[in-house]
Structures are given as structure tokens and as C-alpha cells.
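K.L.:
Quick one, structure-v9.cif (mmCIF, C-alpha atoms and all ligand atoms):
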```cif
data_run
#
loop_
_atom_site.label_atom_id
_atom_site.label_comp_id
_atom_site.auth_asym_id
_atom_site.auth_seq_id
_atom_site.Cartn_x
_atom_site.Cartn_y
_atom_site.Cartn_z
CA MET Q 1 -69.65 -67.46 76.12
CA PHE Q 2 -70.25 -68.15 72.44
CA PHE Q 3 -66.77 -66.98 71.45
CA SER Q 4 -65.04 -68.87 74.22
CA PHE Q 5 -66.71 -71.97 72.85
CA ILE Q 6 -65.52 -71.10 69.34
CA LYS Q 7 -62.02 -70.79 70.74
CA GLN Q 8 -62.28 -74.31 72.11
CA ILE Q 9 -63.35 -75.71 68.78
CA GLU Q 10 -60.56 -73.81 67.12
CA LEU Q 11 -58.05 -75.40 69.46
CA THR Q 12 -59.47 -78.82 68.77
CA VAL Q 13 -59.26 -78.32 65.03
CA PHE Q 14 -55.70 -77.04 65.18
CA SER Q 15 -54.63 -79.89 67.40
CA ILE Q 16 -56.15 -82.29 64.88
CA ALA Q 17 -54.16 -80.53 62.16
CA LYS Q 18 -51.03 -80.96 64.21
CA THR Q 19 -51.70 -84.63 64.85
CA PHE Q 20 -51.71 -85.21 61.12
CA GLY Q 21 -48.21 -83.78 60.68
CA LYS Q 22 -48.16 -83.91 56.89
CA LEU Q 23 -51.52 -82.20 56.72
CA LYS Q 24 -50.40 -79.03 58.41
CA TRP Q 25 -51.84 -77.08 55.49
CA PHE Q 26 -55.20 -78.05 56.82
CA LEU Q 27 -57.18 -75.06 57.95
CA PRO Q 28 -60.59 -75.16 59.51
CA VAL Q 29 -62.79 -74.54 56.51
CA MET Q 30 -65.86 -74.84 58.65
CA TRP Q 31 -66.26 -75.60 62.27
CA ILE Q 32 -68.87 -77.96 63.54
CA LEU Q 33 -70.19 -76.75 66.83
CA LEU Q 34 -71.38 -79.90 68.50
CA LEU Q 35 -73.26 -78.69 71.52
CA CYS Q 36 -73.88 -82.34 72.05
CA GLY Q 37 -77.38 -83.33 72.86
CA CYS Q 38 -76.73 -87.01 73.34
CA GLY Q 39 -79.63 -88.57 75.27
CA GLN Q 40 -79.31 -91.24 77.96
CA GLY Q 41 -78.75 -94.71 76.60
CA THR Q 42 -77.56 -93.27 73.29
CA PHE Q 43 -74.25 -94.54 72.02
CA ARG Q 44 -71.83 -91.95 70.65
CA VAL Q 45 -69.08 -92.58 68.08
CA SER Q 46 -66.47 -89.91 67.60
CA ARG Q 47 -63.67 -90.51 65.15
CA THR Q 48 -61.10 -88.41 63.28
CA ASP Q 49 -58.95 -89.77 60.50
CA THR Q 50 -57.51 -88.79 57.14
CA GLY Q 51 -58.85 -89.64 53.72
CA MET Q 52 -59.40 -88.01 50.32
CA GLY Q 53 -56.44 -85.72 51.04
CA THR Q 54 -58.15 -84.14 54.01
CA VAL Q 55 -59.20 -84.63 57.63
CA ILE Q 56 -62.38 -86.62 58.15
CA GLN Q 57 -64.34 -86.04 61.35
CA MET Q 58 -67.30 -88.22 62.24
CA GLN Q 59 -69.72 -87.90 65.14
CA LEU Q 60 -72.59 -90.38 65.20
CA PHE Q 61 -75.32 -90.93 67.79
CA GLY Q 62 -77.36 -94.11 67.85
CA THR Q 63 -77.34 -97.70 69.02
CA GLU Q 64 -74.13 -99.62 69.76
CA GLU Q 65 -74.04 -100.72 66.13
CA SER Q 66 -73.17 -97.12 65.19
CA GLN Q 67 -69.56 -98.13 65.80
CA SER Q 68 -69.61 -100.68 62.99
CA VAL Q 69 -71.48 -98.23 60.74
CA SER Q 70 -68.67 -95.71 61.24
CA GLU Q 71 -66.07 -98.35 60.36
CA LYS Q 72 -68.02 -99.24 57.24
CA LEU Q 73 -68.11 -95.55 56.27
CA PHE Q 74 -64.34 -95.08 56.55
CA TYR Q 75 -63.77 -98.25 54.57
CA MET Q 76 -66.24 -97.11 51.89
CA ILE Q 77 -64.56 -93.69 51.53
CA ASP Q 78 -61.18 -95.37 51.06
CA GLU Q 79 -62.54 -97.80 48.50
CA MET Q 80 -64.36 -95.10 46.56
CA GLU Q 81 -61.23 -93.02 46.34
CA GLY Q 82 -58.87 -95.82 45.33
CA GLN Q 83 -61.17 -97.80 43.04
CA GLU Q 84 -63.31 -95.13 41.48
CA ILE Q 85 -62.65 -91.43 41.63
CA SER Q 86 -58.99 -90.63 42.23
CA TRP Q 87 -56.83 -89.90 39.19
CA ARG Q 88 -53.82 -90.72 41.36
CA TYR Q 89 -54.65 -94.45 41.16
CA PRO Q 90 -54.09 -95.69 37.59
CA ASN Q 91 -56.46 -98.62 38.12
CA SER Q 92 -59.32 -96.58 39.48
CA LEU Q 93 -62.19 -95.98 37.05
CA VAL Q 94 -61.11 -92.35 36.56
CA GLY Q 95 -57.48 -93.51 36.22
CA ARG Q 96 -58.51 -95.88 33.43
CA ILE Q 97 -60.59 -93.23 31.66
CA ASN Q 98 -57.60 -90.87 31.86
CA GLN Q 99 -55.35 -93.49 30.26
CA GLY Q 100 -57.58 -93.29 27.22
CA GLN Q 101 -59.29 -96.67 27.62
CA GLN Q 102 -62.42 -96.79 25.48
CA GLY Q 103 -65.83 -97.35 27.00
CA VAL Q 104 -64.78 -97.79 30.63
CA SER Q 105 -67.72 -99.49 32.41
CA LEU Q 106 -69.02 -97.42 35.28
CA ASN Q 107 -71.16 -98.27 38.25
CA ALA Q 108 -74.53 -96.51 38.36
CA GLU Q 109 -73.36 -93.90 40.88
CA LEU Q 110 -70.25 -92.79 38.99
CA TYR Q 111 -72.18 -92.81 35.72
CA GLU Q 112 -74.78 -90.45 37.17
CA THR Q 113 -72.04 -88.30 38.71
CA LEU Q 114 -70.20 -87.82 35.42
CA LEU Q 115 -73.44 -86.96 33.63
CA ALA Q 116 -74.27 -84.47 36.38
CA CYS Q 117 -70.79 -82.92 36.11
CA LYS Q 118 -71.32 -82.36 32.41
CA GLU Q 119 -74.69 -80.80 33.13
CA ILE Q 120 -73.15 -78.34 35.63
CA SER Q 121 -70.47 -77.49 33.06
CA VAL Q 122 -73.16 -76.54 30.56
CA ALA Q 123 -75.22 -74.66 33.16
CA SER Q 124 -72.15 -72.72 34.34
CA GLU Q 125 -71.02 -72.02 30.77
CA GLY Q 126 -67.74 -73.81 31.36
CA ALA Q 127 -66.86 -72.22 34.72
CA PHE Q 128 -67.04 -75.70 36.20
CA ASP Q 129 -65.20 -78.39 34.28
CA ILE Q 130 -63.83 -81.69 35.62
CA THR Q 131 -61.72 -82.17 32.49
CA ILE Q 132 -59.13 -79.57 33.53
CA GLY Q 133 -56.83 -82.26 34.95
CA LYS Q 134 -53.89 -81.07 32.84
CA LEU Q 135 -54.31 -77.55 34.20
CA THR Q 136 -54.65 -78.60 37.84
CA ARG Q 137 -51.53 -80.76 37.54
CA LEU Q 138 -49.61 -78.01 35.82
CA TRP Q 139 -50.40 -75.55 38.62
CA ASP Q 140 -50.09 -78.37 41.18
CA ILE Q 141 -51.18 -76.10 44.00
CA ASP Q 142 -52.70 -78.98 45.97
CA SER Q 143 -49.34 -80.78 46.26
CA TYR Q 144 -47.50 -77.61 47.11
CA SER Q 145 -49.90 -76.59 49.82
CA GLN Q 146 -49.77 -80.09 51.31
CA THR Q 147 -46.00 -80.32 51.57
CA GLY Q 148 -45.35 -76.59 51.74
CA ASN Q 149 -41.60 -77.08 51.67
CA MET Q 150 -40.82 -77.22 47.97
CA GLN Q 151 -39.87 -74.19 45.94
CA TYR Q 152 -42.93 -73.24 43.93
CA VAL Q 153 -42.28 -72.36 40.30
CA LEU Q 154 -45.11 -70.61 38.49
CA PRO Q 155 -46.13 -72.38 35.28
CA GLU Q 156 -45.28 -70.62 32.04
CA LYS Q 157 -47.93 -68.77 30.09
CA LYS Q 158 -47.45 -70.99 27.04
CA ALA Q 159 -47.83 -74.17 29.08
CA ILE Q 160 -51.03 -72.76 30.64
CA GLU Q 161 -52.45 -72.00 27.20
CA GLU Q 162 -51.60 -75.53 26.01
CA ALA Q 163 -53.19 -77.17 29.06
CA CYS Q 164 -56.22 -74.93 28.67
CA LYS Q 165 -56.68 -76.13 25.10
CA GLU Q 166 -56.32 -79.73 26.25
CA SER Q 167 -59.45 -79.60 28.34
CA GLY Q 168 -63.17 -79.43 27.65
CA TYR Q 169 -66.15 -81.32 29.07
CA PHE Q 170 -67.44 -81.97 25.54
CA TYR Q 171 -64.46 -84.34 25.06
CA LEU Q 172 -65.82 -86.58 27.82
CA GLU Q 173 -68.37 -88.96 26.35
CA VAL Q 174 -70.69 -90.55 28.91
CA LYS Q 175 -73.24 -92.99 27.52
CA ASN Q 176 -74.59 -96.53 27.97
CA GLN Q 177 -73.08 -96.76 31.47
CA THR Q 178 -69.58 -96.09 30.10
CA ALA Q 179 -67.14 -93.20 29.73
CA THR Q 180 -64.59 -92.43 27.03
CA LEU Q 181 -62.32 -89.47 26.33
CA THR Q 182 -62.51 -88.40 22.71
CA SER Q 183 -59.37 -86.24 23.04
CA PRO Q 184 -56.30 -86.63 25.29
CA ILE Q 185 -57.67 -84.66 28.23
CA GLN Q 186 -57.54 -85.57 31.92
CA ILE Q 187 -60.35 -85.78 34.48
CA ASP Q 188 -59.94 -84.40 38.00
CA LEU Q 189 -62.87 -84.93 40.37
CA GLY Q 190 -61.33 -82.76 43.10
CA ALA Q 191 -64.24 -80.32 42.98
CA VAL Q 192 -66.90 -82.96 43.69
CA GLY Q 193 -65.18 -85.92 45.37
CA LYS Q 194 -66.08 -84.95 48.91
CA GLY Q 195 -69.64 -84.12 47.94
CA ILE Q 196 -70.09 -87.50 46.26
CA ALA Q 197 -68.71 -89.15 49.39
CA LEU Q 198 -71.31 -87.31 51.52
CA ASP Q 199 -74.13 -88.65 49.31
CA ARG Q 200 -72.84 -92.18 49.68
CA ILE Q 201 -72.42 -91.77 53.43
CA LEU Q 202 -76.02 -90.60 53.59
CA ASN Q 203 -77.16 -93.75 51.75
CA VAL Q 204 -75.33 -95.97 54.22
CA LEU Q 205 -76.80 -94.11 57.20
CA GLU Q 206 -80.31 -94.44 55.77
CA GLU Q 207 -79.81 -98.11 55.00
CA ALA Q 208 -78.53 -98.71 58.54
CA ASP Q 209 -82.22 -98.62 59.43
CA GLY Q 210 -82.48 -96.74 62.69
CA THR Q 211 -79.01 -97.67 63.96
CA VAL Q 212 -77.82 -94.08 63.67
CA TYR Q 213 -80.22 -91.45 65.01
CA GLY Q 214 -78.14 -88.46 64.05
CA GLY Q 215 -74.65 -87.22 63.33
CA VAL Q 216 -72.29 -84.87 61.58
CA ILE Q 217 -69.57 -85.90 59.17
CA SER Q 218 -67.05 -83.45 57.80
CA LEU Q 219 -64.66 -84.10 54.94
CA GLY Q 220 -62.52 -80.97 54.90
CA GLY Q 221 -64.76 -78.22 53.59
CA SER Q 222 -67.80 -80.44 53.01
CA ILE Q 223 -70.17 -81.39 55.81
CA LEU Q 224 -73.20 -83.65 56.17
CA THR Q 225 -75.70 -83.24 58.98
CA TYR Q 226 -78.00 -86.21 59.53
CA GLY Q 227 -81.05 -86.74 61.72
CA ASP Q 228 -81.57 -84.64 64.79
CA LYS Q 229 -79.85 -84.04 68.07
CA GLN Q 230 -81.54 -85.74 71.00
CA ASP Q 231 -82.00 -82.50 72.91
CA GLY Q 232 -83.93 -80.91 70.05
CA THR Q 233 -81.40 -78.15 69.38
CA PRO Q 234 -80.10 -77.54 65.83
CA TRP Q 235 -76.79 -78.63 64.36
CA GLN Q 236 -74.47 -75.66 64.17
CA VAL Q 237 -71.93 -75.27 61.39
CA GLY Q 238 -69.55 -72.33 61.66
CA ILE Q 239 -68.59 -70.49 58.47
CA VAL Q 240 -64.97 -69.38 58.47
CA ASP Q 241 -64.10 -65.76 57.83
CA PRO Q 242 -61.89 -65.85 54.71
CA PHE Q 243 -60.09 -62.69 55.95
CA ASP Q 244 -59.20 -64.29 59.28
CA THR Q 245 -59.49 -68.04 59.27
CA ASP Q 246 -59.25 -68.10 63.07
CA LYS Q 247 -62.69 -66.54 63.19
CA CYS Q 248 -66.25 -67.42 62.22
CA LEU Q 249 -68.54 -65.13 60.23
CA GLY Q 250 -71.51 -66.80 61.83
CA VAL Q 251 -73.17 -70.19 62.10
CA LEU Q 252 -75.71 -72.11 60.09
CA LYS Q 253 -78.34 -73.56 62.41
CA LEU Q 254 -79.77 -76.64 60.81
CA PHE Q 255 -82.29 -79.35 61.65
CA GLY Q 256 -82.16 -82.72 59.91
CA GLN Q 257 -80.24 -83.65 56.81
CA TRP Q 258 -78.18 -81.07 54.93
CA CYS Q 259 -74.96 -80.85 52.94
CA ILE Q 260 -72.75 -77.79 53.22
CA SER Q 261 -69.64 -77.07 51.12
CA THR Q 262 -67.33 -74.09 51.07
CA SER Q 263 -64.82 -73.14 48.37
CA GLY Q 264 -62.37 -70.40 49.26
CA ASP Q 265 -59.06 -68.91 48.16
CA TYR Q 266 -57.63 -69.47 51.65
CA GLU Q 267 -57.90 -73.26 51.53
CA ARG Q 268 -55.02 -74.18 49.25
CA TYR Q 269 -52.78 -71.58 47.73
CA VAL Q 270 -49.23 -70.39 47.12
CA GLU Q 271 -47.87 -66.87 47.28
CA VAL Q 272 -45.31 -65.68 44.77
CA ASP Q 273 -44.02 -62.10 44.93
CA GLY Q 274 -46.95 -61.11 47.10
CA VAL Q 275 -49.55 -62.54 44.70
CA ARG Q 276 -51.81 -65.36 45.88
CA TYR Q 277 -52.42 -68.25 43.47
CA HIS Q 278 -55.18 -70.52 44.75
CA HIS Q 279 -56.49 -73.91 43.70
CA ILE Q 280 -59.80 -72.96 42.06
CA LEU Q 281 -59.09 -72.41 38.40
CA ASP Q 282 -61.09 -70.68 35.72
CA PRO Q 283 -61.16 -73.24 32.88
CA ARG Q 284 -61.74 -70.43 30.39
CA THR Q 285 -58.52 -68.58 31.21
CA GLY Q 286 -56.37 -71.33 32.74
CA TYR Q 287 -55.57 -69.10 35.74
CA PRO Q 288 -56.88 -69.08 39.31
CA ALA Q 289 -60.42 -67.70 39.23
CA ASN Q 290 -60.55 -63.97 39.74
CA SER Q 291 -64.23 -63.19 40.12
CA GLY Q 292 -63.94 -60.88 43.11
CA VAL Q 293 -65.02 -63.61 45.52
CA ARG Q 294 -63.08 -64.89 48.56
CA SER Q 295 -65.40 -67.72 49.57
CA VAL Q 296 -68.69 -69.36 48.64
CA THR Q 297 -70.74 -71.63 50.88
CA ILE Q 298 -73.52 -73.72 49.40
CA LEU Q 299 -76.29 -75.43 51.34
CA SER Q 300 -78.18 -78.23 49.59
CA LYS Q 301 -79.80 -81.57 50.32
CA SER Q 302 -77.32 -83.10 47.87
CA GLY Q 303 -73.61 -83.48 48.66
CA PHE Q 304 -72.74 -83.51 44.97
CA LEU Q 305 -74.60 -80.26 44.32
CA SER Q 306 -73.21 -78.47 47.36
CA ASP Q 307 -69.64 -79.33 46.33
CA ALA Q 308 -69.98 -78.82 42.57
CA LEU Q 309 -71.86 -75.54 43.01
CA SER Q 310 -69.43 -74.12 45.57
CA THR Q 311 -66.63 -74.48 43.02
CA ALA Q 312 -68.74 -73.30 40.08
CA CYS Q 313 -70.12 -70.28 41.98
CA TYR Q 314 -66.65 -69.32 43.14
CA VAL Q 315 -65.54 -69.10 39.50
CA LEU Q 316 -68.72 -67.34 38.36
CA GLY Q 317 -68.76 -64.64 41.05
CA VAL Q 318 -71.70 -63.27 43.00
CA GLU Q 319 -74.26 -62.40 40.35
CA LYS Q 320 -74.03 -65.37 37.99
CA GLY Q 321 -73.22 -67.69 40.89
CA MET Q 322 -76.43 -66.74 42.71
CA GLU Q 323 -78.41 -67.48 39.55
CA LEU Q 324 -76.78 -70.88 39.18
CA ALA Q 325 -77.39 -71.84 42.82
CA GLN Q 326 -81.01 -70.80 42.48
CA LYS Q 327 -81.42 -72.95 39.40
CA TYR Q 328 -80.54 -75.99 41.54
CA GLN Q 329 -82.62 -74.89 44.56
CA ALA Q 330 -79.41 -74.48 46.56
CA GLU Q 331 -78.79 -71.71 49.08
CA ALA Q 332 -75.63 -69.60 48.83
CA LEU Q 333 -73.45 -67.32 50.92
CA PHE Q 334 -70.76 -65.34 49.10
CA VAL Q 335 -68.03 -63.22 50.66
CA ASP Q 336 -66.45 -60.82 48.19
CA SER Q 337 -62.96 -59.35 48.21
CA GLU Q 338 -64.19 -56.33 50.18
CA GLY Q 339 -65.65 -58.57 52.85
CA LYS Q 340 -69.23 -57.90 51.81
CA GLN Q 341 -71.61 -60.81 52.32
CA TYR Q 342 -74.33 -61.86 49.89
CA LEU Q 343 -76.92 -64.36 51.11
CA SER Q 344 -79.69 -66.01 49.12
CA GLU Q 345 -83.15 -65.59 50.67
CA GLY Q 346 -83.19 -69.18 51.94
CA MET Q 347 -79.70 -68.89 53.40
CA LYS Q 348 -80.83 -65.94 55.52
CA LYS Q 349 -83.17 -68.29 57.40
CA PHE Q 350 -80.29 -70.50 58.55
CA PHE Q 351 -77.43 -68.05 59.01
CA CYS Q 352 -77.03 -66.56 62.49
CA LEU Q 353 -74.39 -64.16 63.79
P1 LIG U 1 -61.82 -78.22 48.06
O1 LIG U 1 -61.82 -79.54 47.39
O2 LIG U 1 -60.46 -77.74 48.44
O3 LIG U 1 -62.81 -78.12 49.18
P2 LIG U 1 -63.29 -77.28 45.80
O4 LIG U 1 -64.45 -78.16 46.09
O5 LIG U 1 -63.63 -75.91 45.35
O6 LIG U 1 -62.32 -77.14 47.01
O7 LIG U 1 -62.47 -78.03 44.68
C1 LIG U 1 -61.24 -77.54 44.24
C2 LIG U 1 -60.58 -78.61 43.41
O8 LIG U 1 -61.37 -78.84 42.24
C3 LIG U 1 -59.21 -78.22 42.91
O9 LIG U 1 -58.21 -78.65 43.79
C4 LIG U 1 -59.13 -78.92 41.56
O10 LIG U 1 -58.77 -80.26 41.73
C5 LIG U 1 -60.56 -78.88 41.06
N1 LIG U 1 -60.92 -77.66 40.30
C6 LIG U 1 -60.36 -76.42 40.36
N2 LIG U 1 -61.02 -75.55 39.58
C7 LIG U 1 -62.05 -76.24 39.02
C8 LIG U 1 -63.11 -75.88 38.12
N3 LIG U 1 -63.23 -74.66 37.64
N4 LIG U 1 -63.98 -76.85 37.74
C9 LIG U 1 -63.86 -78.12 38.22
N5 LIG U 1 -62.89 -78.51 39.05
C10 LIG U 1 -62.01 -77.59 39.48
MG MG U 2 -66.37 -78.06 45.34
#
```
Step by step, read the file and then write its structure as C-alpha cells.
Ligand code: ADP
Ligand code: MG

P.N.:
Amino acid sequence: MFFSFIKQIELTVFSIAKTFGKLKWFLPVMWILLLCGCGQGTFRVSRTDTGMGTVIQMQLFGTEESQSVSEKLFYMIDEMEGQEISWRYPNSLVGRINQGQQGVSLNAELYETLLACKEISVASEGAFDITIGKLTRLWDIDSYSQTGNMQYVLPEKKAIEEACKESGYFYLEVKNQTATLTSPIQIDLGAVGKGIALDRILNVLEEADGTVYGGVISLGGSILTYGDKQDGTPWQVGIVDPFDTDKCLGVLKLFGQWCISTSGDYERYVEVDGVRYHHILDPRTGYPANSGVRSVTILSKSGFLSDALSTACYVLGVEKGMELAQKYQAEALFVDSEGKQYLSEGMKKFFCL
């Protein structure tokens, strides 16, 4: 019964992927199992769209005004991407920092985010670094895996070494509500963008003051659960098996508000001569991270932390990654290249087969 239900979800997710023709690279990073417990008189909003280079799925339960809250959320995600965090928009705040403008004024949220990114870089000893924009563009795996039809040419060793040198979080100065690059490096917030969006979505839902009773929002591999289901059962978030992305390893059963992010080598990658090159890079080597891990899922109250830590822990590997997650009171589930699973003590309480 359980697996036939999974199959249904799988079909839904793949049909969504198909609907968004250009996004056929999209794979179900996590499945949300909405065994909907929508009470009588409760209004339900269900919407799927694209944004932040991924598929956004939103399910909200509440009063009729939930509809306008969902519209506000999609609008906010678009605005945040275009005006603040995407390097692809030259006039966004990150775009302006990348152009070398001095002392770019930041809003309070982005200011805190950039400070927090620097902190995670220090805590992960450079395994996480948002200033590797030159490297991510050189590898350009995101673009390749989105279009899938161009001939992929591996970057040259010398170019990788150059781009590696032209990165470093210590070159990003964040102070007095401003940001400045002290060397010609490039910022790429790809590792935290979806997590930041989840935090902002959470703020809007809380400010909507009882309009939304509960819901689940997924931005690709990052998911927010909010409130509770009316029938008292937990939210269920399926964790994809990195060895067979048609299958789930198990589900996280969650009550109330949580953020869940997964980073895996099966999300965006290219294969050249039988070797897989994925999109999570080790800033210290300039190459795709090779820490013996296939996927990392992080559970945290904070969207930023779940997203930043999933990337950082992927690069660090099981042992150091576990330590880092613990430092931030986040729960972790690692799957290594042999298929062995490693769960933090807290994660064991939520993970069910
Ligand atoms: P996804 O966004 O696909 O869910 P991640 O959250 O792990 O996966 O973020 C991967 C993205 O983060 C890459 O596409 C790239 O833009 C950026 N990135 C890759 N490696 C690192 C790293 N070591 N530190 C910070 N950002 C990274
Ligand atoms: Mg991440």
C-alpha cells in the first residue's frame, strides 16, 4: 500500500517535470507525501510553478485568504531572486557586488545571510564557500544539466587552478550593512538560495496571522513544513535513494515547522568517459567534491542552515560533516558511496522505513 502510494507521487513528480519541458533535468530530490488531512471548511491551495531554476510546489491549508498568501509568496520568491541574490541579474545586489561596486548597501536579511555564509565557511574550514563563482561558472554543470543537449567540454586543469585561486570568503568584506569584494572574485549563492527563500516564506506565513494553518512548500531539494495537518498525522517527506532516484530510502515524519535540504551527486551532473562530474565543488581543490558521500539530508528549524549545511557536509564527508551539523544543532542523514546510511541521534527519531 505504502509503495503503491509512492509510485503515485513519483508519477506526479515526473509529470510535473514533463510539464516544464526545459526542466527535464529535474529529478525528485525529495518527495512530499501529502496524505492530506484537510478538515471540513478548510481552504486548500495547491500550486506548482518554476522559480530559482527549479520546480516550486506549494500546498497550503487555511482560510480563503491562503490563496492570496500563496500569490504573495511566489511574487516574493521572484523578487528576491531578481533583485537580491541571483548573480545572473547584473542589477541584483549580488550582481552589483560581483561587478566590484564598493560598499553595496544590503537589506538586513541579506546582510545577515552573507555574515552567516562567512561563518559557515570558517566553521567548515573552507569546504563551504559562496565566493567560488568563477569555479562554478567554469564547470557550468548547472547550465549543462538544464539544457542537456550541448556538448560538455571538461575545463582545463590550469583554468581550474586559476579559478580556485580567484576565490576565498576572506575576500568578501561584510560590514556596516554593506558588502564589498576586496579581490576580483565572484559570489554564487546557489548553495543557500532556496534555504533563504524558505526562511522568508516562513516569515510571511507567520505574519499572515492565522490565515494559513499548515502547509508544505518545496523548492527543488529544499522543503519547509509549516503548522500541522488537520487530521493530526505528521507531514511525511520522502528521502530519495541516490542509487535509484525512482525509490525512497524512507520518510521523515514531522510535526510542525521544519526545513529539510538534500545535496546529492545525482541532482545535477555530467558524465564524461564514464566519470560523473557533479555540481557540488570542493573549493580547496576546484573539483567536484569527492568525500565518499552520495547524498546528505539536513533537518533544521532554519532554511538557511539546512541548505548551507547540506552542501558543506557533502563536501566534508561523514565524520567531519556530522560534527559540523551537530555544532549547529541540525540533524543529518548521510548516504555514502557504498550505500551505507549514517544518521545523527536526532534524525533517528524522525526517519522511518
Ligand atoms: P542544490 O541547489 O542543487 O539543491 P546545493 O544546495 O548543494 O544543491 O547547492 C549546490 C550549488 O551551490 C551549486 O550549483 C553551486 O552553485 C554552489 N556550490 C557548489 N559547491 C559549493 C561549495 N563548496 N560551497 C558553496 N557553494 C557551492
Ligand atoms: Mg545547499

K.L.:
With all atoms listed in the file as the basis for distance, which of Q:Ser143, Q:Thr42, Q:Gln177, Q:Ser291 is at the shortest distance from Q:Ser105?

P.N.:
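Going through Q:Ser143, Q:Thr42, Q:Gln177, Q:Ser291 one by one, the smallest distance to Q:Ser105 is for Q:Gln177.
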
K.L.:
Set out as a tab-separated table a contact list for chain Q and ligand LIG 1 (chain U) with a cut-off of 7 Å, giving each residue of chain Q that qualifies its closest atom pair and distance in Å to one decimal, counting all atoms listed in the file, ordered by chain and rising residue number.

P.N.:
```
residue	atom	partner	partner_atom	distance
Q:Ala127	CA	U:LIG1	N3	5.3
Q:Phe128	CA	U:LIG1	N4	3.6
Q:Asp129	CA	U:LIG1	N4	4.0
Q:Ile130	CA	U:LIG1	C9	4.4
Q:Ile132	CA	U:LIG1	N5	6.8
Q:Thr136	CA	U:LIG1	C4	5.8
Q:Asp142	CA	U:LIG1	O9	5.9
Q:Asp188	CA	U:LIG1	O10	5.7
Q:Leu189	CA	U:LIG1	O10	6.4
Q:Gly190	CA	U:LIG1	O10	3.8
Q:Ala191	CA	U:LIG1	O8	3.3
Q:Val192	CA	U:LIG1	O4	5.9
Q:Gly220	CA	U:LIG1	O3	6.4
Q:Gly221	CA	U:LIG1	O3	4.8
Q:Ser222	CA	U:LIG1	O3	6.7
Q:Thr262	CA	U:LIG1	O3	6.3
Q:Ser263	CA	U:LIG1	O5	4.3
Q:Gly264	CA	U:LIG1	O5	6.9
Q:Glu267	CA	U:LIG1	O2	6.0
Q:Arg268	CA	U:LIG1	O2	6.6
Q:His279	CA	U:LIG1	O9	5.0
Q:Ile280	CA	U:LIG1	N2	3.8
Q:Leu281	CA	U:LIG1	N2	3.9
Q:Asp282	CA	U:LIG1	N3	4.9
Q:Pro283	CA	U:LIG1	N3	5.4
Q:Asp307	CA	U:LIG1	O4	5.3
Q:Ala308	CA	U:LIG1	O4	6.6
Q:Ser310	CA	U:LIG1	O5	6.1
Q:Thr311	CA	U:LIG1	O5	4.1
Q:Ala312	CA	U:LIG1	N3	6.2
Q:Val315	CA	U:LIG1	N3	6.3
```

K.L.:
For ligand MG 2 (chain U), which residue among Q:Thr50, Q:Ser66, Q:Thr297, Q:Gln83 is the nearest when counting all atoms listed in the file?

P.N.:
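With all atoms listed in the file as the atom set, the closest residue is Q:Thr297.
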
K.L.:
Can you work out which one of Q:Val318, Q:Leu181, Q:Leu114, Q:Ile97 has the shortest atom-to-atom distance to Q:Ser337, counting only C-alpha atoms?

P.N.:
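Nearest candidate to Q:Ser337 out of Q:Val318, Q:Leu181, Q:Leu114, Q:Ile97: Q:Val318.
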
K.L.:
Report, in Å with one decimal, the straight-line distance from atom CA of Q:Leu299 to atom CA of Q:Gly339.

P.N.:
20.0 Å

K.L.:
Between Q:Met150, Q:Asp49, Q:Val296, Q:Tyr144, single out the one closest to ligand MG 2 (chain U), counting all atoms listed in the file.

P.N.:
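Looking at the shortest contact to ligand MG 2 (chain U), the residue is Q:Val296.
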